[in-house]
Amino acid sequence: MLQKLIINNYAIIDHLVIEPDTRLSTVTGETGAGKSIILGALSLILGERADTTVLIKKDEKCVVEAHFDVKNNNSFKAALLDEELDDEPQCIIRREISSAGKSRAFVNDTPVTLNVLNRLTSMLVDLHQQFDHLALEDDHFQMDVIDAVAKNGDLRKRYTDLYRQFRKLAEEIASKKTQQEQWQKESDYKQYLLNELTEAAFKENEIEETEQQLKQLGHAEKILNVLQLSRMTLEEGEQPLVNELKRINQQLQGIAEVMPASVSLQERLASAHAELKDIAGELQDLESKVSLDPELMQQMQERQDLGYKLFKKHAVQTTADLLQLQLQLEADLQSSLDLNNDIEKLQQQRDTVFKQLLAEAEKMSAARQKAAPEISDKVTGLLALVGMPNARFEIQLRQASTPGAYGVDEIQFMLDANKSGQLVPVHKAASGGEMSRIMLCIKSLTAKAMHLPTLIFDEVDTGISGEAARQVGILLRDLAQYHQVLCITHQPQVAAKGITHFYVYKDSANAQRITTKVKVLQQDERVLAIARMIGGEQPSDAAMQNARELVTV
């Protein structure tokens, strides 16, 4: 809800403050007094672009500021959080234009871009000007209208939740399928690599151990000769060391009784004899392990060559690296299989959600089909009251091939403005003033059910008078029971319906320039202003009486 609009240094406005009523405020004034200029200033708040031609005083900046009560506007609060802006019960939006042409926008004193400003203020102000037909082209708005009358609020919420869930599942499936396609391109090659490693069947440290074994096999004769010579020296020579030590040990035992000091030497010699005997046995074991088999050597060489080939192929250096790569390939291929299972499960979930989605969509569609003729008849009836007696309004619904954001229906507001027998889209069939009246009629039907921002109608009564203008005033007054409404009007019947009446006029007190001023009319002033709208600058008694009757009705 708009609480206050402050305008400084804009066109012929020096300084202006407007505090509209929470219900219906009407704005009147002579042509050229500045009503459209006020709307122009308000458009800056809504994100319109501007230039320095709007500045009165070229050495001062233009500032337009609007204060909004947003404590109950949950969608706006959510939008503020999305933009990481401060959420306050009152939102202050300010637009500044410097003499150099630089424009800046602020929301609660935080700078924002015009795109952000436009998005946020669209939730706060709905400005209907002549030739402004964007809302009547908007499928979202048209669906909101029919769902409001059809009382599809709960259905719409359930459907929207399901639709988001369906879209999320569809996106997950598409993402996993893309991943699957990528993996599929690689899986054959990965399977080939895995088969190659599996067939190689290397054991832990095998290539390194084979390398050492091949070195030994390459020097097998030398190793065997050394081992044999060493063993023979210990056990099989002309004077084997083991036997000689045994003999010396026996001799020392013979003098142990007469020379006790030799006992320790004898014991040490016995220990050395046992150690050399063990060494001789181990030398014999090593001899048995030395192979001179060329076939075995060839097999081991082939094994080593295979290992080195795989090292180079996979840019690794150890058997452990190859075995780790084998495990990774197995995991990747298993993940590919798991991905297939994930996609299948997601598709089952998507199909289940889709069935629920269709069921909710069919319920909404049935309610819309029922409500469409009712809305069409009521809007047609209202249009006749507001000066369009030959108009026929119709809502056309047809089912789409696939469910969309708003269900299975595609909607179009159609109009036959002059009993031509041909219905065309409203935004193509109606004039600027008719557009505003059509929008007024539509919104008056949905006032109770739809949350609407502050509604501003600019000359909604253009081209009408008398009873039609009175009916427009009644619709505006009824709409204002649920929403804040401002209406710029030239019709006394409309002006009289306002709870608060603003009068725009030119002030020539300053001899150097004329400025626009606005004042809130008191009861007597209001009667006089409406009488002048009826009977001219010097209204007759009849005009004054008529004005009093309009104001008191």
# chains A, B, ... in the order shown; residues from 1 in each chain; ligands from 1
>>> residues_around(residues="Arg398 of chain A", least_positions_apart="2", cutoff="10 Å", atoms="only C-alpha atoms", output="NGL selection string")
:A and (365 or 369 or 396 or 400-401 or 408-412)
>>> select_by_dssp(residues="segment 203-404 of chain A", states="alpha helix (DSSP H)", output="VMD selection string")
chain A and resid 206 to 218 220 to 235 241 to 254 262 to 289 294 to 314 319 to 385
>>> residues_around(residues="segment 498-506 of chain A", least_positions_apart="2", cutoff="7 Å", atoms="only C-alpha atoms", output="PyMOL selection string")
chain A and resi 21+23-30+33-35+495-496+508+514-521
>>> closest_residue(among="A:Leu120, A:Val258, A:Ile45, A:Cys62", to="Ala11 of chain A", atoms="only C-alpha atoms")
A:Cys62
>>> closest_residue(among="A:Leu234, A:Ala531, A:Leu479, A:Leu269", to="Asn249 of chain A", atoms="only C-alpha atoms")
A:Leu269
>>> atom_distance(atom1="atom CA of Met1 of chain A", atom2="atom CA of Thr113 of chain A")
22.3 Å
>>> closest_residue(among="A:Pro403, A:Thr318, A:Ala417, A:Ser431", to="Glu362 of chain A", atoms="only C-alpha atoms")
A:Pro403
>>> residues_around(residues="Val263 of chain A", least_positions_apart="3", cutoff="12 Å", atoms="only C-alpha atoms", output="ChimeraX atom specification")
/A:249-260,266-270
>>> write_last_selection(atoms="N, CA, C and O atoms", output="short mmCIF file (atom, residue, chain, number, x, y, z; two decimals), in the first residue's frame")
data_model
loop_
_atom_site.label_atom_id
_atom_site.label_comp_id
_atom_site.auth_asym_id
_atom_site.auth_seq_id
_atom_site.Cartn_x
_atom_site.Cartn_y
_atom_site.Cartn_z
N ASN A 249 87.69 -77.93 18.81
CA ASN A 249 86.79 -77.90 19.98
C ASN A 249 87.03 -79.12 20.86
O ASN A 249 87.05 -79.03 22.09
N GLN A 250 87.20 -80.27 20.21
CA GLN A 250 87.44 -81.50 20.98
C GLN A 250 88.77 -81.41 21.75
O GLN A 250 88.88 -81.87 22.89
N GLN A 251 89.80 -80.83 21.11
CA GLN A 251 91.09 -80.69 21.76
C GLN A 251 90.99 -79.78 22.98
O GLN A 251 91.59 -80.05 24.04
N LEU A 252 90.26 -78.70 22.85
CA LEU A 252 90.12 -77.78 23.98
C LEU A 252 89.37 -78.45 25.12
O LEU A 252 89.63 -78.16 26.30
N GLN A 253 88.41 -79.31 24.77
CA GLN A 253 87.69 -80.03 25.82
C GLN A 253 88.66 -80.92 26.63
O GLN A 253 88.48 -81.15 27.83
N GLY A 254 89.76 -81.40 25.96
CA GLY A 254 90.72 -82.31 26.62
C GLY A 254 91.56 -81.62 27.66
O GLY A 254 92.13 -82.27 28.54
N ILE A 255 91.67 -80.27 27.61
CA ILE A 255 92.50 -79.57 28.59
C ILE A 255 91.66 -78.76 29.57
O ILE A 255 92.19 -78.00 30.39
N ALA A 256 90.37 -78.90 29.45
CA ALA A 256 89.49 -78.07 30.27
C ALA A 256 89.69 -78.33 31.75
O ALA A 256 89.62 -77.41 32.57
N GLU A 257 89.99 -79.59 32.12
CA GLU A 257 90.09 -79.91 33.52
C GLU A 257 91.34 -79.32 34.13
O GLU A 257 91.36 -78.92 35.29
N VAL A 258 92.47 -79.29 33.31
CA VAL A 258 93.73 -78.80 33.84
C VAL A 258 93.88 -77.29 33.62
O VAL A 258 94.71 -76.63 34.25
N MET A 259 93.09 -76.78 32.69
CA MET A 259 93.18 -75.33 32.44
C MET A 259 91.75 -74.77 32.32
O MET A 259 91.19 -74.62 31.22
N PRO A 260 91.12 -74.50 33.42
CA PRO A 260 89.72 -74.02 33.42
C PRO A 260 89.50 -72.77 32.57
O PRO A 260 88.42 -72.54 32.04
N GLN A 266 86.43 -72.65 24.54
CA GLN A 266 85.85 -73.87 23.94
C GLN A 266 84.37 -73.65 23.64
O GLN A 266 83.88 -74.07 22.59
N GLU A 267 83.70 -72.98 24.55
CA GLU A 267 82.26 -72.73 24.36
C GLU A 267 82.02 -71.79 23.18
O GLU A 267 81.08 -71.97 22.40
N ARG A 268 82.87 -70.79 23.08
CA ARG A 268 82.73 -69.86 21.95
C ARG A 268 83.00 -70.56 20.64
O ARG A 268 82.34 -70.32 19.62
N LEU A 269 84.00 -71.43 20.66
CA LEU A 269 84.33 -72.17 19.44
C LEU A 269 83.20 -73.12 19.07
O LEU A 269 82.88 -73.30 17.87
N ALA A 270 82.56 -73.70 20.06
CA ALA A 270 81.40 -74.58 19.81
C ALA A 270 80.28 -73.80 19.17
O ALA A 270 79.59 -74.27 18.24
#
>>> atom_distance(atom1="atom CA of Val145 of chain A", atom2="atom CA of Ala361 of chain A")
16.6 Å
>>> residues_around(residues="Pro425 of chain A", least_positions_apart="3", cutoff="10 Å", atoms="only C-alpha atoms", output="ChimeraX atom specification")
/A:136-137,393-396,412-416,428-430
>>> residues_around(residues="Leu383 of chain A", least_positions_apart="3", cutoff="12 Å", atoms="only C-alpha atoms", output="PyMOL selection string")
chain A and resi 375-380+386-394+415-418+430+434-442+444+464+468-469+471-472+475
>>> closest_residue(among="A:Glu282, A:Glu525, A:Glu244, A:Asp161", to="Val551 of chain A", atoms="only C-alpha atoms")
A:Glu525
>>> closest_residue(among="A:Leu339, A:Leu214, A:Ile12, A:Val426", to="Lys177 of chain A", atoms="only C-alpha atoms")
A:Leu339
>>> residues_around(residues="Met300 of chain A", least_positions_apart="6", cutoff="9 Å", atoms="only C-alpha atoms", output="short mmCIF file (atom, residue, chain, number, x, y, z; two decimals) with N, CA and C atoms, in the first residue's frame")
data_model
loop_
_atom_site.label_atom_id
_atom_site.label_comp_id
_atom_site.auth_asym_id
_atom_site.auth_seq_id
_atom_site.Cartn_x
_atom_site.Cartn_y
_atom_site.Cartn_z
N THR A 210 59.71 -59.27 -9.83
CA THR A 210 60.16 -59.92 -11.07
C THR A 210 61.44 -59.27 -11.58
N GLU A 211 61.47 -57.93 -11.48
CA GLU A 211 62.68 -57.21 -11.90
C GLU A 211 63.89 -57.69 -11.12
N GLN A 213 64.21 -60.62 -9.53
CA GLN A 213 64.45 -62.03 -9.87
C GLN A 213 65.19 -62.17 -11.21
N LEU A 214 64.82 -61.29 -12.17
CA LEU A 214 65.49 -61.34 -13.48
C LEU A 214 66.96 -60.95 -13.36
#
>>> decode(residues="segment 256-281 of chain A", atoms="N, CA and C atoms", output="PDB file, in the first residue's frame")
ATOM      1  N   ALA A 256      90.372 -78.902  29.450  1.00  0.00           N
ATOM      2  CA  ALA A 256      89.490 -78.068  30.271  1.00  0.00           C
ATOM      3  C   ALA A 256      89.687 -78.331  31.752  1.00  0.00           C
ATOM      4  N   GLU A 257      89.986 -79.587  32.118  1.00  0.00           N
ATOM      5  CA  GLU A 257      90.088 -79.908  33.525  1.00  0.00           C
ATOM      6  C   GLU A 257      91.343 -79.317  34.134  1.00  0.00           C
ATOM      7  N   VAL A 258      92.467 -79.292  33.310  1.00  0.00           N
ATOM      8  CA  VAL A 258      93.728 -78.796  33.838  1.00  0.00           C
ATOM      9  C   VAL A 258      93.883 -77.295  33.615  1.00  0.00           C
ATOM     10  N   MET A 259      93.088 -76.779  32.688  1.00  0.00           N
ATOM     11  CA  MET A 259      93.176 -75.329  32.439  1.00  0.00           C
ATOM     12  C   MET A 259      91.749 -74.765  32.320  1.00  0.00           C
ATOM     13  N   PRO A 260      91.125 -74.501  33.420  1.00  0.00           N
ATOM     14  CA  PRO A 260      89.716 -74.017  33.421  1.00  0.00           C
ATOM     15  C   PRO A 260      89.499 -72.766  32.569  1.00  0.00           C
ATOM     16  N   ALA A 261      90.553 -71.923  32.397  1.00  0.00           N
ATOM     17  CA  ALA A 261      90.380 -70.686  31.605  1.00  0.00           C
ATOM     18  C   ALA A 261      90.052 -70.972  30.158  1.00  0.00           C
ATOM     19  N   SER A 262      90.337 -72.186  29.674  1.00  0.00           N
ATOM     20  CA  SER A 262      90.077 -72.524  28.250  1.00  0.00           C
ATOM     21  C   SER A 262      88.621 -72.883  28.000  1.00  0.00           C
ATOM     22  N   VAL A 263      87.853 -73.054  29.091  1.00  0.00           N
ATOM     23  CA  VAL A 263      86.442 -73.483  28.928  1.00  0.00           C
ATOM     24  C   VAL A 263      85.639 -72.452  28.139  1.00  0.00           C
ATOM     25  N   SER A 264      85.838 -71.192  28.461  1.00  0.00           N
ATOM     26  CA  SER A 264      85.050 -70.153  27.766  1.00  0.00           C
ATOM     27  C   SER A 264      85.408 -70.110  26.289  1.00  0.00           C
ATOM     28  N   LEU A 265      86.702 -70.331  25.983  1.00  0.00           N
ATOM     29  CA  LEU A 265      87.103 -70.341  24.570  1.00  0.00           C
ATOM     30  C   LEU A 265      86.479 -71.522  23.843  1.00  0.00           C
ATOM     31  N   GLN A 266      86.433 -72.653  24.541  1.00  0.00           N
ATOM     32  CA  GLN A 266      85.850 -73.869  23.943  1.00  0.00           C
ATOM     33  C   GLN A 266      84.374 -73.649  23.642  1.00  0.00           C
ATOM     34  N   GLU A 267      83.696 -72.978  24.552  1.00  0.00           N
ATOM     35  CA  GLU A 267      82.260 -72.727  24.365  1.00  0.00           C
ATOM     36  C   GLU A 267      82.016 -71.791  23.184  1.00  0.00           C
ATOM     37  N   ARG A 268      82.875 -70.787  23.080  1.00  0.00           N
ATOM     38  CA  ARG A 268      82.727 -69.858  21.953  1.00  0.00           C
ATOM     39  C   ARG A 268      82.999 -70.563  20.638  1.00  0.00           C
ATOM     40  N   LEU A 269      84.002 -71.431  20.658  1.00  0.00           N
ATOM     41  CA  LEU A 269      84.335 -72.174  19.442  1.00  0.00           C
ATOM     42  C   LEU A 269      83.203 -73.122  19.069  1.00  0.00           C
ATOM     43  N   ALA A 270      82.561 -73.703  20.062  1.00  0.00           N
ATOM     44  CA  ALA A 270      81.399 -74.582  19.811  1.00  0.00           C
ATOM     45  C   ALA A 270      80.278 -73.795  19.165  1.00  0.00           C
ATOM     46  N   SER A 271      80.069 -72.550  19.639  1.00  0.00           N
ATOM     47  CA  SER A 271      79.018 -71.704  19.085  1.00  0.00           C
ATOM     48  C   SER A 271      79.337 -71.333  17.638  1.00  0.00           C
ATOM     49  N   ALA A 272      80.636 -71.035  17.361  1.00  0.00           N
ATOM     50  CA  ALA A 272      81.051 -70.690  15.990  1.00  0.00           C
ATOM     51  C   ALA A 272      80.873 -71.887  15.071  1.00  0.00           C
ATOM     52  N   HIS A 273      81.183 -73.097  15.579  1.00  0.00           N
ATOM     53  CA  HIS A 273      81.007 -74.325  14.784  1.00  0.00           C
ATOM     54  C   HIS A 273      79.552 -74.519  14.402  1.00  0.00           C
ATOM     55  N   ALA A 274      78.651 -74.295  15.365  1.00  0.00           N
ATOM     56  CA  ALA A 274      77.210 -74.454  15.078  1.00  0.00           C
ATOM     57  C   ALA A 274      76.728 -73.419  14.066  1.00  0.00           C
ATOM     58  N   GLU A 275      77.221 -72.166  14.205  1.00  0.00           N
ATOM     59  CA  GLU A 275      76.810 -71.086  13.294  1.00  0.00           C
ATOM     60  C   GLU A 275      77.264 -71.376  11.866  1.00  0.00           C
ATOM     61  N   LEU A 276      78.550 -71.844  11.725  1.00  0.00           N
ATOM     62  CA  LEU A 276      79.056 -72.129  10.382  1.00  0.00           C
ATOM     63  C   LEU A 276      78.327 -73.316   9.761  1.00  0.00           C
ATOM     64  N   LYS A 277      77.934 -74.244  10.604  1.00  0.00           N
ATOM     65  CA  LYS A 277      77.175 -75.388  10.090  1.00  0.00           C
ATOM     66  C   LYS A 277      75.814 -74.940   9.564  1.00  0.00           C
ATOM     67  N   ASP A 278      75.175 -73.994  10.295  1.00  0.00           N
ATOM     68  CA  ASP A 278      73.879 -73.434   9.828  1.00  0.00           C
ATOM     69  C   ASP A 278      74.056 -72.668   8.522  1.00  0.00           C
ATOM     70  N   ILE A 279      75.154 -71.900   8.457  1.00  0.00           N
ATOM     71  CA  ILE A 279      75.421 -71.129   7.233  1.00  0.00           C
ATOM     72  C   ILE A 279      75.595 -72.059   6.053  1.00  0.00           C
ATOM     73  N   ALA A 280      76.280 -73.147   6.267  1.00  0.00           N
ATOM     74  CA  ALA A 280      76.479 -74.118   5.179  1.00  0.00           C
ATOM     75  C   ALA A 280      75.140 -74.659   4.705  1.00  0.00           C
ATOM     76  N   GLY A 281      74.221 -74.914   5.671  1.00  0.00           N
ATOM     77  CA  GLY A 281      72.886 -75.404   5.289  1.00  0.00           C
ATOM     78  C   GLY A 281      72.109 -74.369   4.481  1.00  0.00           C
TER      79      GLY A 281
END
